[in-house]
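S.K.: Let me begin by handing over the structure; questions about it come next.
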Amino acid sequence: MGEKNKTGSHVISLRALTKYYGRDMVLDDVNLDVQAGECVVLVGHNGAGKTTLMKLMLGLTRPTSGTISVLGDNPASNTALARKMALGYLPESVAFYEAMTGREVLEFYARLKGANNNECDRLLQLVGLENAANRRVGTYSKGMRQRLGLAQAILGDPQLLFLDEPTTGLDPLLRRHFYELIDALHQEGATSIISSHALSEVEARANRFIIMKAGVVVACGTLDELYQLSALPVRLHITVTRGQAPAVAERLGSAVTIDKVNNESLNLSCLSGEKMPLIRHITSLGEVVHDMQVSPPRLDEVYSYFMNGESR
Amino acid sequence: MRLLWILALKELRDGLRNRWIAASIILLGLLALALSLLGSAPTGSVRASELEITVISLSSLSVYLIPLIALLLAFDALVGEFERGTMILLLTYPVSRWQVIMGKFLGHVIILFLAIFFGYGGVILVMTVWTDGGSQGWQAYGVMMLSSLILGAAFIALGYLVSVLVKERATAAGAAIGLWLVFVVLYDLILFGVLLLDKGQVIGQQLFSMLMLISPTDSYRILNLGLSEGVSQAVGIAGVASNTGISSPVLFSVMILWVVVPLTATLWLFHRREL
């Protein structure tokens, strides 16, 4: 885990964070530094401590031990109030005042943040709720609530976004739209912490992944770093001249695991560190090799590797 | 202060939307009107103005009604937001926890103020048209309105305390009703029961006054039934009150204490609460 430099340059800095609810351990010795502009994704089963971690960073709960610094301040302290202006949060299953209309809800939150009502109209339009804005939130569907939740989270162009399972209940089109919004905020230098189950969605967007299991961070790093850590094999699929597959397999020898040999194709796998030598070896075989496809391990494989493996 | 207003305004709008404000104004207004019309019937040999009679009957009913309205407004205020999950989101906004409580309190007290001011206050207009009551009566009526508001504020604060302590809305509703029963009915029953059994052996005048004073509802009763000369003449039992020798500033202070203490306890508990 990155404990590279001092707290100052980090948007979020967690040190030896531990949280107990009664006698139940929810988080154990979590250390994390997040730099401005990063998009960090928390992955883990339900109950792994993702939501608790977010609540700690938001100052809703206090740690049993350890220190938290968010935007340079302890989020649970009173001095952190002004900094909350720069903060957006979308809770896991967002709840609103049911008797108010969508617009009233958004305007209430806007007033608290000191944003103006023009922005409410813009945001309602942005999340596609302009036609339902004058309906009571009680009549909204799950997806509409989620959209309203998103709108309130990005009120006042926050520097730091906490999004807990943000795309549940959104249809594919809205999901894409949602990530475009987040990307736009990132362009302006915002930092975001996202917890998600939809790994394929976040794979391309996250700078860093934090894999949590039973309150412990089991792995943390970029996708590449996680590949290295996991020692999961890179898979290669090569197509060779018809009938030559067994011969090629023989020439590749014992340097590589051969998963499957067909008449004209082979499935190989190797560790990511051995990938380049293997590719050079394959290309040196000459014209007998027609085509080659390299597929790195997918995030869900990495995920299940860390989930099933020993913790640390 | 701006944030307090935003939060109070939300409660006010909720009160308007769910017609709580309208319902309480109408309820209190009709009650006051009915009693003042009854009160203006011939009062016999007792020298008391119509308005003073109204104060007596109205305050002896208010002591049941105002706490009930206040508790119904307040019991859901915190536990409802915990249970629905709206509190989590609210506290990630730039508001501190004490502002959330005080904003709600401000809103609810204003709702109560509107109900008392328009409900009871409307009656003053009617009475002015109807009779030409003495200035003594107006003062008693004013004290009753003010003390009703403080009584209500005390029960709003007590309602919040219940609301921050319990885990579920249903429990809060039950506890609020229990609280109402204890303060409005049971406490006095027990006090008088003990007094009857005791036959004045242990509990003297002094201790009895103290025990009466402890309860916010009794303070309210003493304040309104024993204040003006005309009133205390009209109410036989209020002889007890005026004999206690407790001055109205003391009674007001006791009632204000019943606002401050539960509210402070609520603030403290809410501050420590993990969400």
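Chain labels run A, B, ... following the order of the structure tokens; each chain numbers its residues from 1, and ligands are numbered from 1 in the order shown.
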Hey, list the chain A side of the contact with chain B: 7 Å cut-off, only C-alpha atoms, answer as a list in words.
M.R.: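 That gives the following set of residues: Leu58, Leu60, Thr61, Leu81, Ala82, Lys84, Met85, Ala95, Phe96, Leu112 and Lys113 of chain A.
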S.K.: May I have the residues from that selection written out with N, CA, C and O atoms, as a PDB file, in the first residue's frame?
M.R.:
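Here's the written file again20.pdb:
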ATOM      1  N   LEU A  58     -16.423  10.339   5.527  1.00  0.00           N
ATOM      2  CA  LEU A  58     -17.406  11.423   5.516  1.00  0.00           C
ATOM      3  C   LEU A  58     -17.643  12.000   6.903  1.00  0.00           C
ATOM      4  O   LEU A  58     -18.375  12.969   7.060  1.00  0.00           O
ATOM      5  N   LEU A  60     -19.248  10.517   9.323  1.00  0.00           N
ATOM      6  CA  LEU A  60     -20.519  10.076   9.904  1.00  0.00           C
ATOM      7  C   LEU A  60     -20.295   9.156  11.088  1.00  0.00           C
ATOM      8  O   LEU A  60     -21.110   9.084  11.995  1.00  0.00           O
ATOM      9  N   THR A  61     -19.193   8.433  11.046  1.00  0.00           N
ATOM     10  CA  THR A  61     -18.812   7.621  12.201  1.00  0.00           C
ATOM     11  C   THR A  61     -17.368   7.943  12.540  1.00  0.00           C
ATOM     12  O   THR A  61     -16.648   8.512  11.735  1.00  0.00           O
ATOM     13  N   LEU A  81     -16.549  21.372   8.634  1.00  0.00           N
ATOM     14  CA  LEU A  81     -17.833  21.717   8.033  1.00  0.00           C
ATOM     15  C   LEU A  81     -17.702  22.479   6.715  1.00  0.00           C
ATOM     16  O   LEU A  81     -18.359  22.158   5.738  1.00  0.00           O
ATOM     17  N   ALA A  82     -16.844  23.487   6.734  1.00  0.00           N
ATOM     18  CA  ALA A  82     -16.691  24.306   5.539  1.00  0.00           C
ATOM     19  C   ALA A  82     -16.195  23.458   4.371  1.00  0.00           C
ATOM     20  O   ALA A  82     -16.578  23.673   3.227  1.00  0.00           O
ATOM     21  N   LYS A  84     -16.973  20.516   3.765  1.00  0.00           N
ATOM     22  CA  LYS A  84     -18.022  19.653   3.222  1.00  0.00           C
ATOM     23  C   LYS A  84     -18.691  20.275   1.998  1.00  0.00           C
ATOM     24  O   LYS A  84     -19.399  19.609   1.271  1.00  0.00           O
ATOM     25  N   MET A  85     -18.482  21.583   1.806  1.00  0.00           N
ATOM     26  CA  MET A  85     -18.973  22.247   0.601  1.00  0.00           C
ATOM     27  C   MET A  85     -18.411  21.574  -0.638  1.00  0.00           C
ATOM     28  O   MET A  85     -19.042  21.520  -1.678  1.00  0.00           O
ATOM     29  N   ALA A  95     -32.048   7.658   0.118  1.00  0.00           N
ATOM     30  CA  ALA A  95     -33.412   7.937   0.572  1.00  0.00           C
ATOM     31  C   ALA A  95     -33.632   9.439   0.601  1.00  0.00           C
ATOM     32  O   ALA A  95     -32.734  10.198   0.929  1.00  0.00           O
ATOM     33  N   PHE A  96     -34.847   9.832   0.232  1.00  0.00           N
ATOM     34  CA  PHE A  96     -35.186  11.251   0.227  1.00  0.00           C
ATOM     35  C   PHE A  96     -36.449  11.484   1.034  1.00  0.00           C
ATOM     36  O   PHE A  96     -37.115  10.547   1.439  1.00  0.00           O
ATOM     37  N   LEU A 112     -28.515  24.305   1.219  1.00  0.00           N
ATOM     38  CA  LEU A 112     -27.550  23.931   2.257  1.00  0.00           C
ATOM     39  C   LEU A 112     -26.115  24.093   1.772  1.00  0.00           C
ATOM     40  O   LEU A 112     -25.212  24.413   2.525  1.00  0.00           O
ATOM     41  N   LYS A 113     -25.934  23.835   0.477  1.00  0.00           N
ATOM     42  CA  LYS A 113     -24.582  23.942  -0.080  1.00  0.00           C
ATOM     43  C   LYS A 113     -24.299  25.334  -0.619  1.00  0.00           C
ATOM     44  O   LYS A 113     -23.206  25.595  -1.108  1.00  0.00           O
TER      45      LYS A 113
END
S.K.: Using DSSP assignments from the backbone, pull out every residue in stretch 43-145 of chain A that falls under strand (DSSP E or B) and give it to me as number ranges by chain.
M.R.: A: 43-44, 65-70, 73, 87-90, 101, 136
S.K.: From the DSSP assignment of the backbone, select every residue of stretch 144-271 of chain B that is alpha helix (DSSP H), and format the answer as JSON, numbers by chain.
M.R.: {"B": [144, 145, 146, 147, 148, 149, 150, 151, 152, 153, 154, 155, 156, 157, 158, 159, 160, 161, 162, 163, 164, 165, 169, 170, 171, 172, 173, 174, 175, 176, 177, 178, 179, 180, 187, 188, 189, 190, 191, 192, 193, 194, 195, 196, 197, 198, 205, 206, 207, 208, 209, 210, 211, 212, 213, 214, 216, 217, 218, 219, 220, 221, 222, 223, 224, 225, 229, 230, 231, 232, 233, 234, 238, 239, 240, 241, 242, 243, 244, 248, 249, 250, 251, 252, 253, 254, 255, 256, 257, 258, 259, 260, 261, 262, 263, 264, 265, 266, 267, 268, 269, 270, 271]}
S.K.: Tell me which protein, DNA and RNA residues are within 9 Å of B:Ile25, counting only C-alpha atoms, leaving out same-chain ones fewer than 2 positions away, and put them as JSON, numbers by chain.
M.R.: {"B": [20, 21, 22, 23, 27, 28, 29, 30, 112, 114, 115, 116, 117, 118, 119, 120]}
S.K.: If we count only C-alpha atoms, what is near B:Lys104 at a cut-off of 12 Å, once residues fewer than 3 positions away on the same chain are taken out, given as JSON, numbers by chain?
M.R.: {"B": [3, 4, 5, 6, 7, 8, 9, 10, 11, 12, 13, 14, 15, 73, 74, 75, 76, 77, 78, 81, 97, 98, 99, 100, 101, 107, 108, 109, 110, 111, 153, 156, 157, 159, 160, 263, 267]}
S.K.: Got a sec: who's within 12 Å of B:Leu31, counting only C-alpha atoms, leaving out chain neighbours fewer than 2 positions off, as a PDB file with all heavy atoms, in the first residue's frame?
M.R.:
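Saved result, selection.pdb, follows:
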ATOM      1  N   SER B  24     -53.907  21.964  13.482  1.00  0.00           N
ATOM      2  CA  SER B  24     -53.766  22.416  14.881  1.00  0.00           C
ATOM      3  C   SER B  24     -54.387  23.780  15.098  1.00  0.00           C
ATOM      4  O   SER B  24     -54.957  24.036  16.156  1.00  0.00           O
ATOM      5  CB  SER B  24     -52.303  22.435  15.340  1.00  0.00           C
ATOM      6  OG  SER B  24     -51.453  21.921  14.395  1.00  0.00           O
ATOM      7  N   ILE B  25     -54.287  24.668  14.098  1.00  0.00           N
ATOM      8  CA  ILE B  25     -54.934  25.983  14.248  1.00  0.00           C
ATOM      9  C   ILE B  25     -56.439  25.811  14.419  1.00  0.00           C
ATOM     10  O   ILE B  25     -57.047  26.382  15.325  1.00  0.00           O
ATOM     11  CB  ILE B  25     -54.640  26.903  13.037  1.00  0.00           C
ATOM     12  CG1 ILE B  25     -53.162  27.309  13.025  1.00  0.00           C
ATOM     13  CG2 ILE B  25     -55.519  28.156  13.077  1.00  0.00           C
ATOM     14  CD1 ILE B  25     -52.758  28.151  11.844  1.00  0.00           C
ATOM     15  N   ILE B  26     -57.010  24.979  13.557  1.00  0.00           N
ATOM     16  CA  ILE B  26     -58.464  24.783  13.608  1.00  0.00           C
ATOM     17  C   ILE B  26     -58.873  24.153  14.941  1.00  0.00           C
ATOM     18  O   ILE B  26     -59.819  24.598  15.601  1.00  0.00           O
ATOM     19  CB  ILE B  26     -58.938  23.929  12.410  1.00  0.00           C
ATOM     20  CG1 ILE B  26     -58.779  24.741  11.117  1.00  0.00           C
ATOM     21  CG2 ILE B  26     -60.373  23.475  12.586  1.00  0.00           C
ATOM     22  CD1 ILE B  26     -58.973  23.944   9.852  1.00  0.00           C
ATOM     23  N   LEU B  27     -58.107  23.130  15.355  1.00  0.00           N
ATOM     24  CA  LEU B  27     -58.429  22.438  16.599  1.00  0.00           C
ATOM     25  C   LEU B  27     -58.393  23.396  17.787  1.00  0.00           C
ATOM     26  O   LEU B  27     -59.359  23.496  18.554  1.00  0.00           O
ATOM     27  CB  LEU B  27     -57.438  21.292  16.813  1.00  0.00           C
ATOM     28  CG  LEU B  27     -57.657  20.439  18.061  1.00  0.00           C
ATOM     29  CD1 LEU B  27     -58.953  19.651  17.932  1.00  0.00           C
ATOM     30  CD2 LEU B  27     -56.485  19.492  18.275  1.00  0.00           C
ATOM     31  N   LEU B  28     -57.265  24.112  17.911  1.00  0.00           N
ATOM     32  CA  LEU B  28     -57.118  25.019  19.049  1.00  0.00           C
ATOM     33  C   LEU B  28     -58.121  26.173  18.968  1.00  0.00           C
ATOM     34  O   LEU B  28     -58.674  26.609  19.982  1.00  0.00           O
ATOM     35  CB  LEU B  28     -55.686  25.560  19.132  1.00  0.00           C
ATOM     36  CG  LEU B  28     -54.604  24.526  19.451  1.00  0.00           C
ATOM     37  CD1 LEU B  28     -53.245  25.210  19.605  1.00  0.00           C
ATOM     38  CD2 LEU B  28     -54.926  23.750  20.708  1.00  0.00           C
ATOM     39  N   GLY B  29     -58.356  26.656  17.750  1.00  0.00           N
ATOM     40  CA  GLY B  29     -59.269  27.771  17.545  1.00  0.00           C
ATOM     41  C   GLY B  29     -60.697  27.410  17.951  1.00  0.00           C
ATOM     42  O   GLY B  29     -61.358  28.145  18.691  1.00  0.00           O
ATOM     43  N   LEU B  33     -62.781  28.908  21.014  1.00  0.00           N
ATOM     44  CA  LEU B  33     -64.044  29.579  20.712  1.00  0.00           C
ATOM     45  C   LEU B  33     -65.180  28.978  21.539  1.00  0.00           C
ATOM     46  O   LEU B  33     -65.946  29.702  22.192  1.00  0.00           O
ATOM     47  CB  LEU B  33     -64.339  29.447  19.211  1.00  0.00           C
ATOM     48  CG  LEU B  33     -65.453  30.335  18.682  1.00  0.00           C
ATOM     49  CD1 LEU B  33     -65.050  31.797  18.803  1.00  0.00           C
ATOM     50  CD2 LEU B  33     -65.763  29.990  17.232  1.00  0.00           C
ATOM     51  N   ALA B  34     -65.254  27.656  21.531  1.00  0.00           N
ATOM     52  CA  ALA B  34     -66.318  26.970  22.263  1.00  0.00           C
ATOM     53  C   ALA B  34     -66.259  27.333  23.743  1.00  0.00           C
ATOM     54  O   ALA B  34     -67.280  27.658  24.361  1.00  0.00           O
ATOM     55  CB  ALA B  34     -66.189  25.470  22.081  1.00  0.00           C
ATOM     56  N   LEU B  35     -65.033  27.269  24.302  1.00  0.00           N
ATOM     57  CA  LEU B  35     -64.908  27.527  25.736  1.00  0.00           C
ATOM     58  C   LEU B  35     -65.183  28.980  26.092  1.00  0.00           C
ATOM     59  O   LEU B  35     -65.750  29.273  27.133  1.00  0.00           O
ATOM     60  CB  LEU B  35     -63.519  27.120  26.224  1.00  0.00           C
ATOM     61  CG  LEU B  35     -63.286  25.607  26.232  1.00  0.00           C
ATOM     62  CD1 LEU B  35     -61.851  25.298  26.610  1.00  0.00           C
ATOM     63  CD2 LEU B  35     -64.253  24.927  27.192  1.00  0.00           C
ATOM     64  N   SER B  36     -64.791  29.889  25.208  1.00  0.00           N
ATOM     65  CA  SER B  36     -65.015  31.300  25.526  1.00  0.00           C
ATOM     66  C   SER B  36     -66.491  31.644  25.429  1.00  0.00           C
ATOM     67  O   SER B  36     -66.992  32.487  26.169  1.00  0.00           O
ATOM     68  CB  SER B  36     -64.184  32.196  24.603  1.00  0.00           C
ATOM     69  OG  SER B  36     -64.601  32.026  23.281  1.00  0.00           O
ATOM     70  N   LEU B  37     -67.196  30.961  24.515  1.00  0.00           N
ATOM     71  CA  LEU B  37     -68.632  31.193  24.424  1.00  0.00           C
ATOM     72  C   LEU B  37     -69.334  30.653  25.660  1.00  0.00           C
ATOM     73  O   LEU B  37     -70.234  31.271  26.204  1.00  0.00           O
ATOM     74  CB  LEU B  37     -69.191  30.552  23.152  1.00  0.00           C
ATOM     75  CG  LEU B  37     -68.776  31.243  21.849  1.00  0.00           C
ATOM     76  CD1 LEU B  37     -69.372  30.527  20.648  1.00  0.00           C
ATOM     77  CD2 LEU B  37     -69.184  32.709  21.858  1.00  0.00           C
ATOM     78  N   LEU B  38     -68.874  29.479  26.094  1.00  0.00           N
ATOM     79  CA  LEU B  38     -69.423  28.909  27.328  1.00  0.00           C
ATOM     80  C   LEU B  38     -69.088  29.802  28.514  1.00  0.00           C
ATOM     81  O   LEU B  38     -69.897  30.026  29.402  1.00  0.00           O
ATOM     82  CB  LEU B  38     -68.835  27.508  27.574  1.00  0.00           C
ATOM     83  CG  LEU B  38     -69.466  26.354  26.804  1.00  0.00           C
ATOM     84  CD1 LEU B  38     -68.711  25.071  27.082  1.00  0.00           C
ATOM     85  CD2 LEU B  38     -70.938  26.208  27.179  1.00  0.00           C
ATOM     86  N   GLY B  39     -67.835  30.308  28.473  1.00  0.00           N
ATOM     87  CA  GLY B  39     -67.353  31.126  29.582  1.00  0.00           C
ATOM     88  C   GLY B  39     -68.117  32.434  29.719  1.00  0.00           C
ATOM     89  O   GLY B  39     -68.181  33.006  30.803  1.00  0.00           O
ATOM     90  N   THR B  54     -62.413  32.048  30.591  1.00  0.00           N
ATOM     91  CA  THR B  54     -61.922  31.326  29.414  1.00  0.00           C
ATOM     92  C   THR B  54     -60.512  30.799  29.653  1.00  0.00           C
ATOM     93  O   THR B  54     -60.196  29.675  29.285  1.00  0.00           O
ATOM     94  CB  THR B  54     -61.922  32.267  28.184  1.00  0.00           C
ATOM     95  OG1 THR B  54     -63.203  32.838  28.052  1.00  0.00           O
ATOM     96  CG2 THR B  54     -61.576  31.501  26.934  1.00  0.00           C
ATOM     97  N   VAL B  55     -59.678  31.625  30.278  1.00  0.00           N
ATOM     98  CA  VAL B  55     -58.302  31.202  30.559  1.00  0.00           C
ATOM     99  C   VAL B  55     -58.306  29.930  31.400  1.00  0.00           C
ATOM    100  O   VAL B  55     -57.560  28.994  31.135  1.00  0.00           O
ATOM    101  CB  VAL B  55     -57.529  32.329  31.288  1.00  0.00           C
ATOM    102  CG1 VAL B  55     -56.229  31.784  31.883  1.00  0.00           C
ATOM    103  CG2 VAL B  55     -57.216  33.461  30.330  1.00  0.00           C
ATOM    104  N   SER B  57     -60.721  27.550  31.745  1.00  0.00           N
ATOM    105  CA  SER B  57     -61.156  26.337  31.046  1.00  0.00           C
ATOM    106  C   SER B  57     -60.192  25.974  29.922  1.00  0.00           C
ATOM    107  O   SER B  57     -59.896  24.804  29.694  1.00  0.00           O
ATOM    108  CB  SER B  57     -62.584  26.507  30.515  1.00  0.00           C
ATOM    109  OG  SER B  57     -62.799  27.838  30.129  1.00  0.00           O
ATOM    110  N   LEU B  58     -59.689  27.015  29.263  1.00  0.00           N
ATOM    111  CA  LEU B  58     -58.805  26.755  28.132  1.00  0.00           C
ATOM    112  C   LEU B  58     -57.479  26.155  28.597  1.00  0.00           C
ATOM    113  O   LEU B  58     -56.969  25.205  28.000  1.00  0.00           O
ATOM    114  CB  LEU B  58     -58.551  28.068  27.384  1.00  0.00           C
ATOM    115  CG  LEU B  58     -58.233  27.955  25.896  1.00  0.00           C
ATOM    116  CD1 LEU B  58     -59.251  27.081  25.199  1.00  0.00           C
ATOM    117  CD2 LEU B  58     -58.209  29.337  25.270  1.00  0.00           C
ATOM    118  N   SER B  59     -56.935  26.700  29.675  1.00  0.00           N
ATOM    119  CA  SER B  59     -55.634  26.193  30.101  1.00  0.00           C
ATOM    120  C   SER B  59     -55.762  24.795  30.704  1.00  0.00           C
ATOM    121  O   SER B  59     -54.855  23.981  30.588  1.00  0.00           O
ATOM    122  CB  SER B  59     -54.980  27.149  31.097  1.00  0.00           C
ATOM    123  OG  SER B  59     -55.802  27.302  32.217  1.00  0.00           O
ATOM    124  N   SER B  60     -56.910  24.493  31.298  1.00  0.00           N
ATOM    125  CA  SER B  60     -57.029  23.137  31.831  1.00  0.00           C
ATOM    126  C   SER B  60     -57.217  22.112  30.709  1.00  0.00           C
ATOM    127  O   SER B  60     -56.954  20.932  30.895  1.00  0.00           O
ATOM    128  CB  SER B  60     -58.149  23.042  32.874  1.00  0.00           C
ATOM    129  OG  SER B  60     -59.301  23.680  32.396  1.00  0.00           O
ATOM    130  N   LEU B  61     -57.634  22.570  29.533  1.00  0.00           N
ATOM    131  CA  LEU B  61     -57.676  21.654  28.380  1.00  0.00           C
ATOM    132  C   LEU B  61     -56.343  21.658  27.621  1.00  0.00           C
ATOM    133  O   LEU B  61     -55.898  20.636  27.114  1.00  0.00           O
ATOM    134  CB  LEU B  61     -58.809  22.044  27.445  1.00  0.00           C
ATOM    135  CG  LEU B  61     -60.115  21.300  27.705  1.00  0.00           C
ATOM    136  CD1 LEU B  61     -61.238  21.940  26.935  1.00  0.00           C
ATOM    137  CD2 LEU B  61     -59.983  19.830  27.340  1.00  0.00           C
ATOM    138  N   SER B  62     -55.720  22.845  27.554  1.00  0.00           N
ATOM    139  CA  SER B  62     -54.428  22.962  26.853  1.00  0.00           C
ATOM    140  C   SER B  62     -53.386  22.033  27.446  1.00  0.00           C
ATOM    141  O   SER B  62     -52.526  21.509  26.749  1.00  0.00           O
ATOM    142  CB  SER B  62     -53.894  24.387  26.964  1.00  0.00           C
ATOM    143  OG  SER B  62     -54.756  25.272  26.340  1.00  0.00           O
ATOM    144  N   LEU B  65     -53.786  19.013  25.612  1.00  0.00           N
ATOM    145  CA  LEU B  65     -53.739  19.072  24.157  1.00  0.00           C
ATOM    146  C   LEU B  65     -52.374  19.520  23.615  1.00  0.00           C
ATOM    147  O   LEU B  65     -51.834  18.917  22.683  1.00  0.00           O
ATOM    148  CB  LEU B  65     -54.823  20.054  23.681  1.00  0.00           C
ATOM    149  CG  LEU B  65     -55.467  19.710  22.358  1.00  0.00           C
ATOM    150  CD1 LEU B  65     -56.048  18.315  22.381  1.00  0.00           C
ATOM    151  CD2 LEU B  65     -56.549  20.732  22.045  1.00  0.00           C
ATOM    152  N   ILE B  66     -51.825  20.570  24.229  1.00  0.00           N
ATOM    153  CA  ILE B  66     -50.560  21.115  23.717  1.00  0.00           C
ATOM    154  C   ILE B  66     -49.432  20.072  23.782  1.00  0.00           C
ATOM    155  O   ILE B  66     -48.724  19.882  22.802  1.00  0.00           O
ATOM    156  CB  ILE B  66     -50.170  22.400  24.480  1.00  0.00           C
ATOM    157  CG1 ILE B  66     -51.265  23.462  24.319  1.00  0.00           C
ATOM    158  CG2 ILE B  66     -48.807  22.910  24.032  1.00  0.00           C
ATOM    159  CD1 ILE B  66     -51.161  24.334  23.106  1.00  0.00           C
ATOM    160  N   ALA B 115     -50.017  27.801  15.555  1.00  0.00           N
ATOM    161  CA  ALA B 115     -51.244  27.165  16.032  1.00  0.00           C
ATOM    162  C   ALA B 115     -51.809  27.921  17.228  1.00  0.00           C
ATOM    163  O   ALA B 115     -53.020  28.192  17.296  1.00  0.00           O
ATOM    164  CB  ALA B 115     -50.960  25.711  16.393  1.00  0.00           C
ATOM    165  N   ILE B 116     -50.941  28.268  18.176  1.00  0.00           N
ATOM    166  CA  ILE B 116     -51.414  28.953  19.381  1.00  0.00           C
ATOM    167  C   ILE B 116     -51.837  30.385  19.065  1.00  0.00           C
ATOM    168  O   ILE B 116     -52.889  30.864  19.489  1.00  0.00           O
ATOM    169  CB  ILE B 116     -50.325  28.936  20.477  1.00  0.00           C
ATOM    170  CG1 ILE B 116     -50.142  27.497  20.980  1.00  0.00           C
ATOM    171  CG2 ILE B 116     -50.686  29.849  21.634  1.00  0.00           C
ATOM    172  CD1 ILE B 116     -48.934  27.308  21.855  1.00  0.00           C
ATOM    173  N   GLY B 119     -54.863  30.094  16.619  1.00  0.00           N
ATOM    174  CA  GLY B 119     -55.939  29.330  17.248  1.00  0.00           C
ATOM    175  C   GLY B 119     -56.491  30.043  18.465  1.00  0.00           C
ATOM    176  O   GLY B 119     -57.678  30.393  18.509  1.00  0.00           O
ATOM    177  N   TYR B 120     -55.642  30.301  19.435  1.00  0.00           N
ATOM    178  CA  TYR B 120     -56.086  30.961  20.661  1.00  0.00           C
ATOM    179  C   TYR B 120     -56.251  32.461  20.455  1.00  0.00           C
ATOM    180  O   TYR B 120     -57.196  33.082  20.960  1.00  0.00           O
ATOM    181  CB  TYR B 120     -55.093  30.718  21.798  1.00  0.00           C
ATOM    182  CG  TYR B 120     -55.133  29.322  22.373  1.00  0.00           C
ATOM    183  CD1 TYR B 120     -54.196  28.909  23.307  1.00  0.00           C
ATOM    184  CD2 TYR B 120     -56.111  28.412  21.983  1.00  0.00           C
ATOM    185  CE1 TYR B 120     -54.227  27.626  23.849  1.00  0.00           C
ATOM    186  CE2 TYR B 120     -56.153  27.139  22.504  1.00  0.00           C
ATOM    187  CZ  TYR B 120     -55.210  26.744  23.432  1.00  0.00           C
ATOM    188  OH  TYR B 120     -55.236  25.504  23.948  1.00  0.00           O
ATOM    189  N   GLY B 121     -55.289  33.017  19.707  1.00  0.00           N
ATOM    190  CA  GLY B 121     -55.300  34.465  19.505  1.00  0.00           C
ATOM    191  C   GLY B 121     -56.531  34.938  18.766  1.00  0.00           C
ATOM    192  O   GLY B 121     -57.041  36.030  19.022  1.00  0.00           O
ATOM    193  N   GLY B 122     -57.013  34.101  17.831  1.00  0.00           N
ATOM    194  CA  GLY B 122     -58.219  34.452  17.088  1.00  0.00           C
ATOM    195  C   GLY B 122     -59.386  34.719  18.016  1.00  0.00           C
ATOM    196  O   GLY B 122     -60.246  35.559  17.735  1.00  0.00           O
ATOM    197  N   VAL B 123     -59.374  34.000  19.145  1.00  0.00           N
ATOM    198  CA  VAL B 123     -60.470  34.119  20.100  1.00  0.00           C
ATOM    199  C   VAL B 123     -60.517  35.514  20.719  1.00  0.00           C
ATOM    200  O   VAL B 123     -61.601  36.051  20.999  1.00  0.00           O
ATOM    201  CB  VAL B 123     -60.332  33.044  21.184  1.00  0.00           C
ATOM    202  CG1 VAL B 123     -61.370  33.228  22.270  1.00  0.00           C
ATOM    203  CG2 VAL B 123     -60.489  31.673  20.550  1.00  0.00           C
TER     204      VAL B 123
END
S.K.: Would you mind reading off the distance between atom CA of B:Val185 and atom CA of B:Tyr64, one decimal, in Å?
M.R.: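 Computing it gives 8.5 Å between the two atoms.
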S.K.: Which one is closest to A:Leu170: A:Leu148, A:Ala99, A:Val202, A:Leu266? Count only C-alpha atoms.
M.R.: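 Nearest to A:Leu170: A:Leu148.
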S.K.: Would you please work out which residue, of B:Gln201, B:Ser147, B:Gln139, B:Thr264, is nearest to B:Pro249 when using only C-alpha atoms?
M.R.: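 Among B:Gln201, B:Ser147, B:Gln139, B:Thr264, it is B:Ser147 that comes nearest to B:Pro249.
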S.K.: I'd like the neighbourhood of A:Thr18 as JSON, numbers by chain, where a residue qualifies if any of its atoms comes within 12 Å (using only C-alpha atoms), though same-chain residues fewer than 3 positions away should be ignored.
M.R.: {"A": [14, 15, 21, 24, 25, 26, 27, 28, 29, 30, 31, 49, 52, 53, 56, 61, 62, 63, 64, 65, 66, 67, 68, 215, 216, 217]}
S.K.: Can you tell me, as number ranges by chain, what residues are no more than 9 Å from B:Trp138 when counting only C-alpha atoms, ignoring any on the same chain fewer than 5 positions away?
M.R.: B: 51-52, 124, 133, 143
S.K.: Between A:Leu160, A:Leu71, A:Met57, A:Ile194, single out the one closest to A:Glu92, counting only C-alpha atoms.
M.R.: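 Using only C-alpha atoms, A:Glu92 sits closest to A:Ile194.
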